[in-house]
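entry.cif follows; it contains mmCIF, C-alpha atoms.
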```cif
data_final
#
loop_
_atom_site.label_atom_id
_atom_site.label_comp_id
_atom_site.auth_asym_id
_atom_site.auth_seq_id
_atom_site.Cartn_x
_atom_site.Cartn_y
_atom_site.Cartn_z
CA ASP A 49 -86.77 -14.79 1.31
CA SER A 50 -87.74 -15.79 4.86
CA GLY A 51 -87.28 -19.51 4.25
CA VAL A 52 -90.96 -20.19 4.96
CA THR A 53 -92.87 -21.54 1.99
CA GLN A 54 -96.62 -21.60 1.44
CA THR A 55 -98.70 -23.24 -1.26
CA PRO A 56 -100.75 -22.44 -3.16
CA LYS A 57 -100.17 -18.74 -3.71
CA HIS A 58 -103.73 -18.15 -4.86
CA LEU A 59 -106.89 -20.18 -4.36
CA ILE A 60 -110.32 -19.45 -5.78
CA THR A 61 -113.23 -21.58 -4.68
CA ALA A 62 -116.95 -21.51 -4.05
CA THR A 63 -119.01 -21.21 -0.88
CA GLY A 64 -119.48 -24.49 0.95
CA GLN A 65 -116.23 -25.97 -0.34
CA ARG A 66 -113.20 -27.20 1.59
CA VAL A 67 -109.59 -26.21 0.98
CA THR A 68 -106.20 -27.07 2.41
CA LEU A 69 -103.35 -24.58 2.75
CA ARG A 70 -99.83 -25.86 3.19
CA CYS A 71 -96.82 -24.41 4.98
CA SER A 72 -93.22 -25.51 5.31
CA PRO A 73 -91.31 -23.76 8.10
CA ARG A 74 -87.72 -22.57 8.03
CA SER A 75 -85.18 -25.31 8.52
CA GLY A 76 -84.77 -25.92 12.24
CA ASP A 77 -87.91 -24.10 13.33
CA LEU A 78 -90.23 -26.19 15.45
CA SER A 79 -93.13 -23.74 15.82
CA VAL A 80 -95.63 -22.96 13.12
CA TYR A 81 -98.27 -20.23 13.37
CA TRP A 82 -101.24 -19.41 11.18
CA TYR A 83 -102.57 -15.88 10.80
CA GLN A 84 -105.47 -14.45 8.82
CA GLN A 85 -105.47 -10.99 7.27
CA SER A 86 -108.86 -9.85 6.04
CA LEU A 87 -109.34 -6.78 3.87
CA ASP A 88 -108.04 -3.61 5.54
CA GLN A 89 -107.32 -5.41 8.78
CA GLY A 90 -104.28 -6.41 10.70
CA LEU A 91 -103.15 -9.97 11.08
CA GLN A 92 -105.24 -12.11 13.40
CA PHE A 93 -103.64 -15.10 15.11
CA LEU A 94 -105.41 -18.37 14.42
CA ILE A 95 -103.41 -21.26 15.84
CA GLN A 96 -99.90 -22.40 16.80
CA TYR A 97 -98.26 -25.80 16.64
CA TYR A 98 -94.99 -26.73 18.28
CA ASN A 99 -93.19 -29.92 17.29
CA GLY A 100 -96.42 -31.56 16.23
CA GLU A 101 -98.56 -30.50 19.17
CA GLU A 102 -101.15 -27.75 19.31
CA ARG A 103 -99.70 -25.04 21.55
CA ALA A 104 -102.09 -22.09 21.41
CA LYS A 105 -105.37 -21.14 19.82
CA GLY A 106 -106.65 -17.74 18.82
CA ASN A 107 -109.94 -16.77 17.25
CA ILE A 108 -110.07 -19.78 14.97
CA LEU A 109 -113.48 -20.83 13.74
CA GLU A 110 -114.68 -24.37 14.40
CA ARG A 111 -114.88 -24.84 10.60
CA PHE A 112 -111.09 -24.40 10.50
CA SER A 113 -108.55 -26.93 11.69
CA ALA A 114 -104.82 -27.41 11.42
CA GLN A 115 -102.15 -29.97 12.04
CA GLN A 116 -98.37 -30.24 12.03
CA PHE A 117 -96.80 -33.35 10.61
CA PRO A 118 -93.65 -35.23 11.74
CA ASP A 119 -91.59 -33.44 9.07
CA LEU A 120 -92.84 -30.19 10.71
CA HIS A 121 -94.82 -28.93 7.74
CA SER A 122 -98.31 -27.76 8.61
CA GLU A 123 -101.68 -27.69 6.90
CA LEU A 124 -104.62 -25.42 7.57
CA ASN A 125 -107.97 -26.89 6.58
CA LEU A 126 -110.88 -24.55 5.93
CA SER A 127 -114.30 -26.14 5.41
CA SER A 128 -117.86 -25.02 4.67
CA LEU A 129 -116.34 -21.88 3.24
CA GLU A 130 -118.22 -18.60 3.41
CA LEU A 131 -117.70 -15.36 1.52
CA GLY A 132 -116.25 -13.80 4.67
CA ASP A 133 -113.43 -16.35 4.70
CA SER A 134 -111.85 -14.58 1.74
CA ALA A 135 -108.54 -13.31 3.10
CA LEU A 136 -104.79 -13.65 3.06
CA TYR A 137 -103.60 -16.55 5.16
CA PHE A 138 -100.04 -16.36 6.43
CA CYS A 139 -97.92 -19.03 7.99
CA ALA A 140 -95.00 -18.10 10.21
CA SER A 141 -92.35 -20.13 11.98
CA SER A 142 -89.95 -19.67 14.84
CA VAL A 143 -87.41 -21.72 16.72
CA VAL A 144 -89.08 -21.27 20.07
CA GLY A 145 -92.50 -22.41 21.12
CA THR A 146 -92.97 -20.16 24.11
CA GLY A 147 -91.71 -16.86 25.41
CA SER A 148 -90.59 -14.13 23.09
CA GLY A 149 -89.03 -14.41 19.72
CA GLU A 150 -89.19 -13.30 16.15
CA GLN A 151 -91.50 -15.09 13.78
CA PHE A 152 -90.66 -15.39 10.11
CA PHE A 153 -93.53 -15.21 7.67
CA GLY A 154 -94.23 -16.95 4.42
CA PRO A 155 -95.55 -15.13 1.34
CA GLY A 156 -99.15 -16.04 2.14
CA THR A 157 -102.03 -17.73 0.36
CA ARG A 158 -104.75 -15.49 -1.02
CA LEU A 159 -108.10 -17.24 -0.69
CA THR A 160 -111.06 -15.97 -2.65
CA VAL A 161 -114.45 -17.49 -1.94
CA LEU A 162 -117.06 -16.78 -4.62
CA ASP B 164 -111.00 -5.15 21.99
CA GLN B 165 -107.89 -4.02 20.13
CA GLN B 166 -104.93 -4.64 22.38
CA VAL B 167 -102.44 -3.15 19.91
CA LYS B 168 -103.36 -0.02 18.02
CA GLN B 169 -101.72 1.98 15.29
CA ASN B 170 -103.78 5.12 15.11
CA SER B 171 -102.28 6.54 11.93
CA PRO B 172 -103.36 4.54 8.89
CA SER B 173 -100.90 6.40 6.69
CA LEU B 174 -97.84 8.63 6.84
CA SER B 175 -96.07 10.55 4.09
CA VAL B 176 -92.51 11.88 4.47
CA GLN B 177 -89.84 13.31 2.22
CA GLU B 178 -86.80 11.27 1.32
CA GLY B 179 -83.96 11.92 3.77
CA ARG B 180 -86.24 13.04 6.57
CA ILE B 181 -87.24 11.09 9.68
CA SER B 182 -90.25 8.76 9.68
CA ILE B 183 -91.90 8.16 13.04
CA LEU B 184 -94.47 5.39 13.30
CA ASN B 185 -96.43 5.02 16.51
CA CYS B 186 -98.08 2.14 18.32
CA ASP B 187 -100.09 1.91 21.55
CA TYR B 188 -100.98 -1.15 23.56
CA THR B 189 -103.30 -1.89 26.44
CA ASN B 190 -102.19 -5.28 27.76
CA SER B 191 -99.56 -4.79 30.47
CA MET B 192 -98.63 -8.48 30.14
CA PHE B 193 -96.94 -7.82 26.79
CA ASP B 194 -93.21 -8.09 27.30
CA TYR B 195 -91.82 -8.16 23.77
CA PHE B 196 -92.55 -5.87 20.88
CA LEU B 197 -91.72 -6.19 17.22
CA TRP B 198 -91.99 -4.19 14.04
CA TYR B 199 -92.69 -5.81 10.71
CA LYS B 200 -92.63 -4.31 7.24
CA LYS B 201 -94.92 -5.55 4.50
CA TYR B 202 -94.80 -4.99 0.76
CA PRO B 203 -97.85 -5.84 -1.39
CA ALA B 204 -98.12 -9.53 -2.32
CA GLU B 205 -95.43 -10.49 0.21
CA GLY B 206 -95.45 -11.73 3.78
CA PRO B 207 -94.44 -9.45 6.67
CA THR B 208 -90.69 -9.09 7.11
CA PHE B 209 -89.22 -8.76 10.59
CA LEU B 210 -87.48 -5.42 11.14
CA ILE B 211 -86.58 -4.85 14.75
CA SER B 212 -87.73 -5.82 18.23
CA ILE B 213 -87.45 -4.66 21.80
CA SER B 214 -87.83 -6.34 25.15
CA SER B 215 -89.87 -4.66 27.85
CA ILE B 216 -86.77 -4.39 30.03
CA LYS B 217 -85.27 -1.93 27.55
CA ASP B 218 -86.41 1.47 26.38
CA LYS B 219 -84.47 1.67 23.14
CA ASN B 220 -83.08 -0.63 20.50
CA GLU B 221 -81.21 0.46 17.40
CA ASP B 222 -80.34 -1.31 14.18
CA GLY B 223 -78.88 0.81 11.43
CA ARG B 224 -81.44 3.34 10.27
CA PHE B 225 -84.14 1.84 12.48
CA THR B 226 -84.65 2.64 16.16
CA VAL B 227 -87.50 1.47 18.35
CA PHE B 228 -88.40 3.33 21.53
CA LEU B 229 -90.56 1.87 24.28
CA ASN B 230 -92.36 3.88 26.94
CA LYS B 231 -93.83 1.31 29.30
CA SER B 232 -95.58 3.79 31.55
CA ALA B 233 -97.44 5.21 28.56
CA LYS B 234 -97.81 1.79 26.91
CA HIS B 235 -96.44 3.31 23.75
CA LEU B 236 -93.75 2.39 21.28
CA SER B 237 -92.45 4.09 18.20
CA LEU B 238 -90.29 3.22 15.23
CA HIS B 239 -87.93 5.86 13.89
CA ILE B 240 -86.44 5.55 10.42
CA VAL B 241 -83.58 7.94 9.69
CA PRO B 242 -82.97 8.82 6.95
CA SER B 243 -86.08 7.66 5.14
CA GLN B 244 -85.62 6.18 1.68
CA PRO B 245 -88.16 5.56 -1.10
CA GLY B 246 -87.58 1.81 -0.67
CA ASP B 247 -88.97 2.14 2.86
CA SER B 248 -92.43 2.74 1.39
CA ALA B 249 -94.52 -0.15 2.72
CA VAL B 250 -97.05 -1.02 5.40
CA TYR B 251 -95.53 -1.24 8.88
CA PHE B 252 -97.09 -3.39 11.58
CA CYS B 253 -96.25 -3.34 15.24
CA ALA B 254 -96.80 -6.56 17.15
CA ALA B 255 -96.60 -7.68 20.74
CA SER B 256 -96.22 -10.95 22.58
CA ALA B 257 -96.58 -12.05 26.17
CA TYR B 258 -94.50 -14.76 27.74
CA ASN B 259 -96.65 -17.64 28.85
CA ASN B 260 -96.59 -21.37 28.72
CA ALA B 261 -99.19 -21.55 26.03
CA GLY B 262 -97.08 -20.12 23.26
CA ASN B 263 -95.87 -16.85 21.88
CA MET B 264 -98.49 -15.74 19.44
CA LEU B 265 -98.23 -12.20 18.17
CA THR B 266 -100.94 -9.58 18.52
CA PHE B 267 -100.73 -7.12 15.63
CA GLY B 268 -101.77 -3.54 15.17
CA GLY B 269 -103.74 -2.53 12.09
CA GLY B 270 -100.70 -1.19 10.24
CA THR B 271 -99.49 2.20 9.01
CA ARG B 272 -98.81 2.77 5.33
CA LEU B 273 -95.59 4.76 4.93
CA MET B 274 -94.94 6.65 1.72
CA VAL B 275 -91.49 8.15 1.24
CA LYS B 276 -91.44 10.71 -1.55
CA PRO B 277 -88.27 11.20 -3.60
#
```
For this file, write the structure as structure tokens.
Amino acid sequence: DSGVTQTPKHLITATGQRVTLRCSPRSGDLSVYWYQQSLDQGLQFLIQYYNGEERAKGNILERFSAQQFPDLHSELNLSSLELGDSALYFCASSVVGTGSGEQFFGPGTRLTVL
Amino acid sequence: DQQVKQNSPSLSVQEGRISILNCDYTNSMFDYFLWYKKYPAEGPTFLISISSIKDKNEDGRFTVFLNKSAKHLSLHIVPSQPGDSAVYFCAASAYNNAGNMLTFGGGTRLMVKP
């Protein structure tokens, strides 16, 4: 158990809909990262928040947005969903916001868009 | 452009023998490398890391070697155990002020046969 929690574990929805994925980082970690793993692919970095502020952005679609709240939990919002958005979405957390350091991953949310 | 590549999608070894997983990278700005292990339906679990100022790091049965001139790293597992069967991802990060997102390889599925 990494200490990172994600809800829900599974999500099934239809094209055009909007969903929210939630992540609670490990106690004491200030950075939260979101990654997407599509079928047969590695993990792709989406976005990072550090202590409530956006710190770095990867290949995140404009239809996707995220935020980190004062209690440090984070939400990833996915809107106007398409079939290709079906994937595993992982949240990770770390103490540091820059430089090098291990990230600890949650169990993921499996999103299926029908 | 894949900056981190794991060219072997799968590897099968006998229990008790050595497992060697390989990873190549192209971005010379990467200065920290990590290996993660992933079981089905779980998030990636951090295994071992190495800084670019070192060429070897060891932790129990796991050793990571880094060859900066070749932009190559490898993970050695000795002796391999059936419980090591999982997908292994190498990842890299570059120190910068924007954050420390990880760039992942595509993964190698390791199967350790009893």
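Separating CA of Ser122 in chain A from CA of Tyr83 in chain A is a distance of 12.8 Å.
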Item to complete: Return as a ChimeraX atom specification the set of residues that the PyMOL selection byres ((chain B) within 12 of (chain A)) yields on the displayed structure.
Response: /B:165-169,172,192-215,250-272
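Take the candidates B:Phe225, B:Asp218, B:Pro277, B:Ser191 and check each one against Pro242 in chain B using all atoms listed in the file; the shortest distance goes to B:Phe225.
Of the residues listed (A:Leu159, A:Ile108, A:Gly100, A:Val80), A:Leu159 shows the shortest atom-to-atom separation from Pro56 in chain A; distances use only C-alpha atoms.
Applied to the file shown here, the PyMOL selection byres ((chain B and resi 237) around 7) selects Ile183, Leu184, Asn185, Cys186, Val227, Phe228, Leu229, His235, Leu236, Leu238 and His239 of chain B.
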Discussion item. Taking all atoms listed in the file into account, name the residue in A:Ser141, A:Leu87, A:Gln54, A:Leu129 that is nearest to Arg74 in chain A.
Written reply: A:Ser141
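Across the model, the gap from CA of Ser113 in chain A to CA of Thr55 in chain A is 16.7 Å.
Taking CA of Glu123 in chain A as the reference point, CA of Arg70 in chain A is found at 4.5 Å.
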Compute the distance from (-114.1, -17.7, -3.9) to each atom, counting all atoms listed in the file, keep the residues with any atom at most 6 Å away, and return them as a short mmCIF file (atom, residue, chain, number, x, y, z; two decimals) with C-alpha atoms, in the coordinates of the input; use the coordinates of the file.
```
data_model
loop_
_atom_site.label_atom_id
_atom_site.label_comp_id
_atom_site.auth_asym_id
_atom_site.auth_seq_id
_atom_site.Cartn_x
_atom_site.Cartn_y
_atom_site.Cartn_z
CA ILE A 60 -110.32 -19.45 -5.78
CA THR A 61 -113.23 -21.58 -4.68
CA ALA A 62 -116.95 -21.51 -4.05
CA THR A 160 -111.06 -15.97 -2.65
CA VAL A 161 -114.45 -17.49 -1.94
CA LEU A 162 -117.06 -16.78 -4.62
#
```
Worksheet item: Is there a way to get, as a ChimeraX atom specification, all residues within 9 Å of the point (-123.1, -24.4, 7.6) in file coordinates, counting only C-alpha atoms?
Response: /A:64,111,128-130
Since we have the selection now, will you write its residues out, keeping C-alpha atoms, as a PDB file, keeping the file's coordinate frame?
```
ATOM      1  CA  GLY A  64    -119.480 -24.490   0.950  1.00  0.00           C
ATOM      2  CA  ARG A 111    -114.880 -24.840  10.600  1.00  0.00           C
ATOM      3  CA  SER A 128    -117.860 -25.020   4.670  1.00  0.00           C
ATOM      4  CA  LEU A 129    -116.340 -21.880   3.240  1.00  0.00           C
ATOM      5  CA  GLU A 130    -118.220 -18.600   3.410  1.00  0.00           C
TER       6      GLU A 130
END
```
